[in-house]
Amino acid sequence: MSVLADRFGRVATDLRVSLTDRCNLRCTYCMPEEGLAWMPREQQLTDDEVGRLIRIAVEQLGVTGVRFTGGEPLIRRGLIGIIAAAAALQPRPKLSITTNGIGLDRLAGPLRDAGLDRVNVSLDTLSPARFLKLTHRDRHADVLKGLAGAARAGLTPVKINTVLMRGVNDDEAPELLRFALDHGYQLRFIEQMPLDAQHQWDRHEMVTAEAILASLEPYGLLPDSVSRGTAPAETWLVPGHVDAAGHPARVGVIGSVTRPFCGDCDRTRLTADGQVRNCLFATEESDLRGLLRSGRSDADIAKAWQTAMWGKRAGHGIDDPSFLQPARPMSAIGG
């Protein structure tokens with residue numbers, strides 16, 4: 001089996017697959033209230049094309065984990081079938097999804113039956129009023145139902161992704177952690193990244209990993225002795241608490257900007273229109289959709305994917321004066 005290696009010795013084994021650029025929320029740090037110009041349907045990979053690329057990644061390129069993202073992946077009509085096809089592969093990859101949670105209460109069981117292993121749910125506030133202001137949609141209760149539904153279906157550990165914004169929800173970190181602990185969820189705080197469609201990200205306004213940890217001091221967090229490996233989150237133990245499985249409770253911080261983990265990155269990304277991105281902040285892409293639709297072989301596609309990953313940079317370069325924000329926003333890249 002070949003691998004997706006780069007010039008710096010890193011090997012990509014974690015595939016992030018964006019299934020759509022569309023979303024049913026309008027989070028202010030992602031896109032404008034009126035939405036974006038969505039990708040034409042004919043440009044989007046078909047279910048069979050998605051399945052074929054995942055198969056090539058797993059069977060020929062050493063990918064061991066697949067995470068489905070968006071936009072909002074739950075609105076992809078063929079989602080259940082895509083997951084079932086991925087779960088049938090040998091060797092079977094670990095399958096997860098990152099979602100805003102809307103509709104997850106209804107879909108959690110079918111997703112689990114299809115082969116999904118785990119979910120990450122985005123939740124930035126416990127206040128319905130703040131949620132409405134942040135997302136321009138009155139769906140806070142639906143997200144909470146989705147979290148509960150995922151836990152009932154056994155899509156565990158259920159993880160919560162939270163982005164804190166200065167003057168918006170940065171006062172909620174302790175309360176959000178308390179909520180996660182009370183429900184057996186695992187909380188991950190994520191530094192806001194320069195991936196908004198409006199290109200209004202301001203590093204000086206970003207809530208840093210250091211600030212997040214300072215706000216959690218009342219919990220007396222302890223360093224986690226378990227190595228994070230290639231995981232993006234640094235984790236801390238929460239004394240006196242256990243998770244739903246009875247293990248010591250942990251809280252994580254993904255400091256993509258101030259505490260980059262590029263040297264251990266093991267991710268490769270596939271956009272909904274079949275472009276390989278070797279970094280979340282890449283400004284160049286490699287087209288696999290064209291190879292699919294021109295009748296090229298699996299071996300040809302695998303070779304093109306390897307070539308795309310070989311050119312990966314050493315780091316995302318956000319601190320470099322020459323850094324340019326990607327043209328695609330997060331909703332069109334996939335997390």
# chains A, B, ... in the order shown; residues from 1 in each chain; ligands from 1
call {"tool": "residues_around", "arguments": {"residues": "Asp273 in chain A", "least_positions_apart": "3", "cutoff": "6 Å", "atoms": "only C-alpha atoms", "output": "ChimeraX atom specification"}}
result
/A:43-45
call {"tool": "select_by_dssp", "arguments": {"residues": "range 163-240 of chain A", "states": "strand (DSSP E)", "output": "PyMOL selection string"}}
result
chain A and resi 163+186-190+222-223+234-240
call {"tool": "residues_around", "arguments": {"residues": "Leu144 in chain A", "least_positions_apart": "4", "cutoff": "8 Å", "atoms": "only C-alpha atoms", "output": "number ranges by chain"}}
result
A: 101, 140, 148
call {"tool": "write_last_selection", "arguments": {"atoms": "C-alpha atoms", "output": "JSON list (two decimals), in the first residue's frame"}}
result
[["chain", "number", "residue", "atom", "x", "y", "z"],
["A", 101, "GLY", "CA", -26.74, 19.09, 15.26],
["A", 140, "HIS", "CA", -30.98, 26.25, 19.73],
["A", 148, "ALA", "CA", -29.04, 14.04, 23.38]]
call {"tool": "closest_residue", "arguments": {"among": "A:Lys303, A:Arg313, A:Arg228, A:His241", "to": "Val3 in chain A", "atoms": "only C-alpha atoms"}}
result
A:Lys303
call {"tool": "closest_residue", "arguments": {"among": "A:Leu237, A:Ile80, A:Ala209, A:Ala214", "to": "Arg259 in chain A", "atoms": "only C-alpha atoms"}}
result
A:Ala209
call {"tool": "closest_residue", "arguments": {"among": "A:Ser18, A:Ser2, A:Asn161, A:Gln90", "to": "Gln192 in chain A", "atoms": "only C-alpha atoms"}}
result
A:Asn161
call {"tool": "closest_residue", "arguments": {"among": "A:Gly71, A:Gly184, A:Gly246, A:Gly315", "to": "Leu36 in chain A", "atoms": "only C-alpha atoms"}}
result
A:Gly71
call {"tool": "residues_around", "arguments": {"residues": "Ala57 in chain A", "least_positions_apart": "3", "cutoff": "9 Å", "atoms": "only C-alpha atoms", "output": "list of chain:residue names"}}
result
A:Val3, A:Leu4, A:Thr13, A:Leu15, A:Arg52, A:Leu53, A:Ile54, A:Gln60, A:Leu61, A:Gly62, A:Val63, A:Thr64, A:Ala302, A:Trp305
call {"tool": "residues_around", "arguments": {"residues": "Val163 in chain A", "least_positions_apart": "6", "cutoff": "7 Å", "atoms": "only C-alpha atoms", "output": "PyMOL selection string"}}
result
chain A and resi 124+189-192
call {"tool": "write_last_selection", "arguments": {"atoms": "C-alpha atoms", "output": "PDB file, in the first residue's frame"}}
result
ATOM      1  CA  ASP A 124     -21.169  28.141  20.870  1.00  0.00           C
ATOM      2  CA  PHE A 189     -12.753  25.010  22.501  1.00  0.00           C
ATOM      3  CA  ILE A 190     -11.441  26.133  19.117  1.00  0.00           C
ATOM      4  CA  GLU A 191      -9.598  29.358  18.410  1.00  0.00           C
ATOM      5  CA  GLN A 192     -11.379  31.369  15.736  1.00  0.00           C
TER       6      GLN A 192
END
call {"tool": "closest_atom_pairs", "arguments": {"of": "range 149-182 of chain A", "to": "range 105-117 of chain A", "cutoff": "9 Å", "atoms": "only C-alpha atoms", "output": "JSON lines"}}
result
{"residue": "A:Gly149", "atom": "CA", "partner": "A:Asp105", "partner_atom": "CA", "distance": 4.3}
{"residue": "A:Ala150", "atom": "CA", "partner": "A:Ala108", "partner_atom": "CA", "distance": 5.3}
{"residue": "A:Ala151", "atom": "CA", "partner": "A:Ala108", "partner_atom": "CA", "distance": 8.6}
{"residue": "A:Arg152", "atom": "CA", "partner": "A:Ala108", "partner_atom": "CA", "distance": 8.3}
{"residue": "A:Ala153", "atom": "CA", "partner": "A:Gly109", "partner_atom": "CA", "distance": 5.3}
{"residue": "A:Gly154", "atom": "CA", "partner": "A:Arg112", "partner_atom": "CA", "distance": 7.5}
{"residue": "A:Leu155", "atom": "CA", "partner": "A:Asp117", "partner_atom": "CA", "distance": 5.6}
{"residue": "A:Thr156", "atom": "CA", "partner": "A:Asp117", "partner_atom": "CA", "distance": 7.2}
{"residue": "A:Pro157", "atom": "CA", "partner": "A:Asp117", "partner_atom": "CA", "distance": 9.0}
call {"tool": "select_by_dssp", "arguments": {"residues": "range 154-331 of chain A", "states": "alpha helix (DSSP H)", "output": "tab-separated table (two decimals) with N, CA, C and O atoms, in the first residue's frame"}}
result
chain	number	residue	atom	x	y	z
A	173	ALA	N	-17.40	30.23	28.90
A	173	ALA	CA	-16.55	29.04	28.94
A	173	ALA	C	-16.81	28.16	30.17
A	173	ALA	O	-17.01	26.94	30.03
A	174	PRO	N	-16.82	28.70	31.39
A	174	PRO	CA	-17.07	27.84	32.55
A	174	PRO	C	-18.44	27.16	32.51
A	174	PRO	O	-18.58	25.98	32.85
A	175	GLU	N	-19.46	27.91	32.07
A	175	GLU	CA	-20.81	27.36	32.02
A	175	GLU	C	-20.91	26.25	30.97
A	175	GLU	O	-21.57	25.23	31.17
A	176	LEU	N	-20.25	26.45	29.83
A	176	LEU	CA	-20.26	25.43	28.79
A	176	LEU	C	-19.57	24.16	29.26
A	176	LEU	O	-20.03	23.04	28.97
A	177	LEU	N	-18.47	24.31	29.99
A	177	LEU	CA	-17.79	23.13	30.51
A	177	LEU	C	-18.68	22.42	31.52
A	177	LEU	O	-18.76	21.18	31.52
A	178	ARG	N	-19.35	23.17	32.38
A	178	ARG	CA	-20.26	22.55	33.35
A	178	ARG	C	-21.36	21.76	32.63
A	178	ARG	O	-21.69	20.64	33.01
A	179	PHE	N	-21.92	22.34	31.57
A	179	PHE	CA	-22.95	21.66	30.79
A	179	PHE	C	-22.42	20.35	30.22
A	179	PHE	O	-23.08	19.29	30.28
A	180	ALA	N	-21.21	20.37	29.65
A	180	ALA	CA	-20.63	19.16	29.07
A	180	ALA	C	-20.39	18.10	30.14
A	180	ALA	O	-20.68	16.91	29.94
A	181	LEU	N	-19.86	18.51	31.27
A	181	LEU	CA	-19.60	17.57	32.35
A	181	LEU	C	-20.89	16.94	32.85
A	181	LEU	O	-20.96	15.73	33.10
A	182	ASP	N	-21.93	17.73	33.00
A	182	ASP	CA	-23.21	17.23	33.51
A	182	ASP	C	-23.86	16.22	32.57
A	182	ASP	O	-24.61	15.34	33.01
A	183	HIS	N	-23.58	16.35	31.26
A	183	HIS	CA	-24.22	15.47	30.29
A	183	HIS	C	-23.30	14.38	29.74
A	183	HIS	O	-23.73	13.58	28.91
A	209	ALA	N	-6.05	30.53	23.11
A	209	ALA	CA	-6.03	29.35	23.97
A	209	ALA	C	-5.65	29.73	25.40
A	209	ALA	O	-6.22	29.22	26.37
A	210	GLU	N	-4.70	30.65	25.54
A	210	GLU	CA	-4.28	31.09	26.88
A	210	GLU	C	-5.44	31.73	27.63
A	210	GLU	O	-5.66	31.47	28.82
A	211	ALA	N	-6.23	32.56	26.93
A	211	ALA	CA	-7.37	33.21	27.57
A	211	ALA	C	-8.44	32.20	27.94
A	211	ALA	O	-9.11	32.31	28.98
A	212	ILE	N	-8.65	31.22	27.08
A	212	ILE	CA	-9.64	30.18	27.36
A	212	ILE	C	-9.26	29.42	28.63
A	212	ILE	O	-10.08	29.22	29.53
A	213	LEU	N	-8.00	29.02	28.73
A	213	LEU	CA	-7.55	28.26	29.90
A	213	LEU	C	-7.64	29.12	31.16
A	213	LEU	O	-7.98	28.62	32.25
A	214	ALA	N	-7.34	30.40	31.04
A	214	ALA	CA	-7.44	31.28	32.20
A	214	ALA	C	-8.87	31.35	32.71
A	214	ALA	O	-9.11	31.40	33.94
A	215	SER	N	-9.84	31.35	31.81
A	215	SER	CA	-11.24	31.43	32.22
A	215	SER	C	-11.71	30.15	32.90
A	215	SER	O	-12.73	30.15	33.60
A	289	ARG	N	-11.89	15.47	-9.28
A	289	ARG	CA	-13.18	15.31	-9.98
A	289	ARG	C	-12.96	15.17	-11.49
A	289	ARG	O	-13.58	14.33	-12.15
A	290	GLY	N	-12.07	15.99	-12.03
A	290	GLY	CA	-11.79	15.91	-13.46
A	290	GLY	C	-11.25	14.54	-13.86
A	290	GLY	O	-11.60	14.00	-14.92
A	291	LEU	N	-10.40	13.96	-13.01
A	291	LEU	CA	-9.87	12.63	-13.29
A	291	LEU	C	-10.98	11.59	-13.23
A	291	LEU	O	-11.04	10.68	-14.07
A	292	LEU	N	-11.86	11.70	-12.25
A	292	LEU	CA	-12.98	10.78	-12.13
A	292	LEU	C	-13.84	10.80	-13.39
A	292	LEU	O	-14.18	9.75	-13.95
A	293	ARG	N	-14.17	11.99	-13.82
A	293	ARG	CA	-15.14	12.15	-14.90
A	293	ARG	C	-14.54	11.97	-16.29
A	293	ARG	O	-15.27	11.91	-17.28
A	298	ASP	N	-8.15	4.07	-10.95
A	298	ASP	CA	-7.90	4.27	-9.52
A	298	ASP	C	-6.44	4.59	-9.27
A	298	ASP	O	-6.10	5.45	-8.43
A	299	ALA	N	-5.55	3.91	-9.98
A	299	ALA	CA	-4.11	4.13	-9.79
A	299	ALA	C	-3.72	5.56	-10.19
A	299	ALA	O	-2.91	6.20	-9.51
A	300	ASP	N	-4.31	6.06	-11.27
A	300	ASP	CA	-4.04	7.44	-11.69
A	300	ASP	C	-4.49	8.44	-10.64
A	300	ASP	O	-3.79	9.42	-10.33
A	301	ILE	N	-5.68	8.19	-10.09
A	301	ILE	CA	-6.23	9.10	-9.08
A	301	ILE	C	-5.39	9.06	-7.81
A	301	ILE	O	-5.09	10.09	-7.20
A	302	ALA	N	-4.98	7.85	-7.42
A	302	ALA	CA	-4.14	7.71	-6.22
A	302	ALA	C	-2.82	8.45	-6.40
A	302	ALA	O	-2.34	9.13	-5.47
A	303	LYS	N	-2.23	8.35	-7.58
A	303	LYS	CA	-0.96	9.03	-7.84
A	303	LYS	C	-1.13	10.54	-7.78
A	303	LYS	O	-0.29	11.25	-7.20
A	304	ALA	N	-2.22	11.05	-8.34
A	304	ALA	CA	-2.47	12.49	-8.29
A	304	ALA	C	-2.67	12.97	-6.86
A	304	ALA	O	-2.21	14.06	-6.48
A	305	TRP	N	-3.32	12.16	-6.05
A	305	TRP	CA	-3.54	12.50	-4.64
A	305	TRP	C	-2.20	12.55	-3.91
A	305	TRP	O	-1.94	13.47	-3.12
A	306	GLN	N	-1.35	11.57	-4.18
A	306	GLN	CA	-0.03	11.57	-3.56
A	306	GLN	C	0.77	12.81	-3.95
A	306	GLN	O	1.44	13.42	-3.11
A	307	THR	N	0.70	13.17	-5.20
A	307	THR	CA	1.43	14.35	-5.67
A	307	THR	C	0.93	15.61	-4.97
A	307	THR	O	1.73	16.47	-4.58
A	308	ALA	N	-0.39	15.70	-4.78
A	308	ALA	CA	-0.98	16.86	-4.09
A	308	ALA	C	-0.47	16.96	-2.66
A	308	ALA	O	-0.15	18.05	-2.16
A	309	MET	N	-0.37	15.83	-1.97
A	309	MET	CA	0.06	15.85	-0.58
A	309	MET	C	1.56	16.07	-0.45
A	309	MET	O	2.02	16.62	0.55
A	310	TRP	N	2.33	15.65	-1.44
A	310	TRP	CA	3.79	15.82	-1.38
A	310	TRP	C	4.15	17.30	-1.31
A	310	TRP	O	5.15	17.68	-0.71
A	330	MET	N	-14.62	28.47	5.33
A	330	MET	CA	-14.70	27.17	5.99
A	330	MET	C	-15.86	26.34	5.48
A	330	MET	O	-15.75	25.12	5.31
A	331	SER	N	-17.01	26.97	5.20
A	331	SER	CA	-18.18	26.23	4.76
A	331	SER	C	-17.95	25.51	3.44
A	331	SER	O	-18.63	24.53	3.13
call {"tool": "closest_residue", "arguments": {"among": "A:Gly240, A:Gly220, A:Pro232, A:Gly252", "to": "Cys265 in chain A", "atoms": "only C-alpha atoms"}}
result
A:Pro232
call {"tool": "atom_distance", "arguments": {"atom1": "CA of Ala88 in chain A", "atom2": "CA of Thr230 in chain A"}}
result
25.4 Å
call {"tool": "residues_around", "arguments": {"residues": "Val207 in chain A", "least_positions_apart": "6", "cutoff": "7 Å", "atoms": "only C-alpha atoms", "output": "list in words"}}
result
Leu164, Met165, Arg166 and Glu191 of chain A
call {"tool": "write_last_selection", "arguments": {"atoms": "C-alpha atoms", "output": "PDB file, in the first residue's frame"}}
result
ATOM      1  CA  LEU A 164     -15.427  31.782  21.674  1.00  0.00           C
ATOM      2  CA  MET A 165     -15.673  35.351  20.400  1.00  0.00           C
ATOM      3  CA  ARG A 166     -14.618  38.414  22.344  1.00  0.00           C
ATOM      4  CA  GLU A 191      -9.598  29.358  18.410  1.00  0.00           C
TER       5      GLU A 191
END
call {"tool": "closest_residue", "arguments": {"among": "A:Leu74, A:Ala314, A:Leu147, A:Ala84", "to": "Asn120 in chain A", "atoms": "only C-alpha atoms"}}
result
A:Leu147
call {"tool": "atom_distance", "arguments": {"atom1": "CA of Glu72 in chain A", "atom2": "CA of Asn24 in chain A"}}
result
7.1 Å
